[in-house]
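Single-structure report; data block below.
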Amino acid sequence: MGKLTIMLTILVIGAVVLCPLVMAFEPEPLPGDFTFAWKNRRFSVPVVWSLCASAGLALLYSIMKR
């Protein structure tokens, strides 16, 4: 696998895994985020915040790989 493929995989999988953790902090909504209702409760899914945290993990991985 190429380096770009590995970085994109870390970015996407990391964002999916980190999304519930970021939701617990209830950050301010950004333009890429969305909200859904489930059992009369509203949940805000922080897509942009999760991608930023995952990008940090991808950068940490690339630094540690060297």
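Following the order of the structure tokens, chains are lettered A, B, ..., residues in each are numbered from 1, and ligands are numbered from 1.
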Next on the checklist: Let's see if you can do this: from backbone DSSP, list all alpha helix (DSSP H) residues in chain A, as a ChimeraX atom specification.
Outcome noted: /A:3-25,47-65
File dump, residues just selected, C-alpha atoms, as a compact mmCIF listing (two decimals), in the first residue's frame:
```txt
# COMPACT_ATOMS: atom_id res chain seq x y z
CA LYS A 3 1.79 6.05 1.96
CA LEU A 4 -1.19 8.13 0.82
CA THR A 5 -3.52 5.14 1.06
CA ILE A 6 -2.40 4.39 4.60
CA MET A 7 -2.83 8.02 5.65
CA LEU A 8 -6.34 8.21 4.14
CA THR A 9 -7.29 4.95 5.84
CA ILE A 10 -6.12 6.27 9.20
CA LEU A 11 -8.01 9.50 8.56
CA VAL A 12 -11.33 7.83 7.75
CA ILE A 13 -11.24 5.01 10.31
CA GLY A 14 -9.93 7.34 12.98
CA ALA A 15 -12.76 9.80 12.36
CA VAL A 16 -15.35 7.04 12.70
CA VAL A 17 -13.80 5.73 15.92
CA LEU A 18 -13.23 9.16 17.46
CA CYS A 19 -16.69 10.53 16.63
CA PRO A 20 -18.41 9.24 19.84
CA LEU A 21 -15.52 10.53 21.94
CA VAL A 22 -15.72 13.97 20.36
CA MET A 23 -19.53 13.93 20.76
CA ALA A 24 -19.05 13.54 24.53
CA PHE A 25 -17.25 16.90 24.67
CA VAL A 47 -17.80 15.38 11.48
CA VAL A 48 -15.27 18.19 11.08
CA TRP A 49 -14.00 17.91 14.67
CA SER A 50 -13.57 14.14 14.25
CA LEU A 51 -11.68 14.60 11.00
CA CYS A 52 -9.37 17.14 12.66
CA ALA A 53 -8.63 14.76 15.55
CA SER A 54 -8.04 11.93 13.10
CA ALA A 55 -5.71 14.12 11.02
CA GLY A 56 -3.71 14.69 14.20
CA LEU A 57 -3.43 10.94 14.63
CA ALA A 58 -2.33 10.52 11.01
CA LEU A 59 0.36 13.19 11.49
CA LEU A 60 1.51 11.50 14.70
CA TYR A 61 1.70 8.19 12.83
CA SER A 62 3.81 9.73 10.04
CA ILE A 63 6.17 11.34 12.56
CA MET A 64 6.56 8.13 14.57
CA LYS A 65 7.09 6.09 11.39
```
Checklist entry - To one decimal place, how far is CA of Leu30 (chain A) from CA of Ser44 (chain A) in Å? => result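 Result for CA of Leu30 (chain A) versus CA of Ser44 (chain A): 10.2 Å, one decimal.
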Next on the checklist: Among chain A, which ones does DSSP assign to strand (DSSP E or B) (computed from the backbone)? Answer as a ChimeraX atom specification.
Outcome noted: /A:34-38,41-45
Please produce a file of the residues just selected, as an mmCIF file, in the first residue's frame, where the atoms kept are N, CA and C atoms.
```
data_model
loop_
_atom_site.group_PDB
_atom_site.id
_atom_site.type_symbol
_atom_site.label_atom_id
_atom_site.label_comp_id
_atom_site.auth_asym_id
_atom_site.auth_seq_id
_atom_site.Cartn_x
_atom_site.Cartn_y
_atom_site.Cartn_z
ATOM 1 N N PHE A 34 -23.644 17.557 11.242
ATOM 2 C CA PHE A 34 -25.071 17.362 11.035
ATOM 3 C C PHE A 34 -25.714 16.865 12.325
ATOM 4 N N THR A 35 -27.030 17.012 12.386
ATOM 5 C CA THR A 35 -27.798 16.654 13.564
ATOM 6 C C THR A 35 -28.872 15.648 13.162
ATOM 7 N N PHE A 36 -29.104 14.665 14.033
ATOM 8 C CA PHE A 36 -30.197 13.728 13.784
ATOM 9 C C PHE A 36 -30.956 13.493 15.084
ATOM 10 N N ALA A 37 -32.204 13.064 14.951
ATOM 11 C CA ALA A 37 -33.057 12.794 16.105
ATOM 12 C C ALA A 37 -33.258 11.291 16.229
ATOM 13 N N TRP A 38 -33.163 10.814 17.486
ATOM 14 C CA TRP A 38 -33.365 9.402 17.751
ATOM 15 C C TRP A 38 -34.037 9.263 19.107
ATOM 16 N N ARG A 41 -34.557 12.494 21.106
ATOM 17 C CA ARG A 41 -33.336 13.195 21.508
ATOM 18 C C ARG A 41 -32.618 13.637 20.256
ATOM 19 N N ARG A 42 -31.955 14.766 20.329
ATOM 20 C CA ARG A 42 -31.197 15.291 19.197
ATOM 21 C C ARG A 42 -29.715 15.069 19.455
ATOM 22 N N PHE A 43 -29.041 14.532 18.455
ATOM 23 C CA PHE A 43 -27.610 14.283 18.536
ATOM 24 C C PHE A 43 -26.910 15.086 17.453
ATOM 25 N N SER A 44 -25.862 15.767 17.827
ATOM 26 C CA SER A 44 -25.050 16.507 16.875
ATOM 27 C C SER A 44 -23.796 15.693 16.588
ATOM 28 N N VAL A 45 -23.596 15.332 15.324
ATOM 29 C CA VAL A 45 -22.441 14.523 14.930
ATOM 30 C C VAL A 45 -21.340 15.464 14.436
#
```
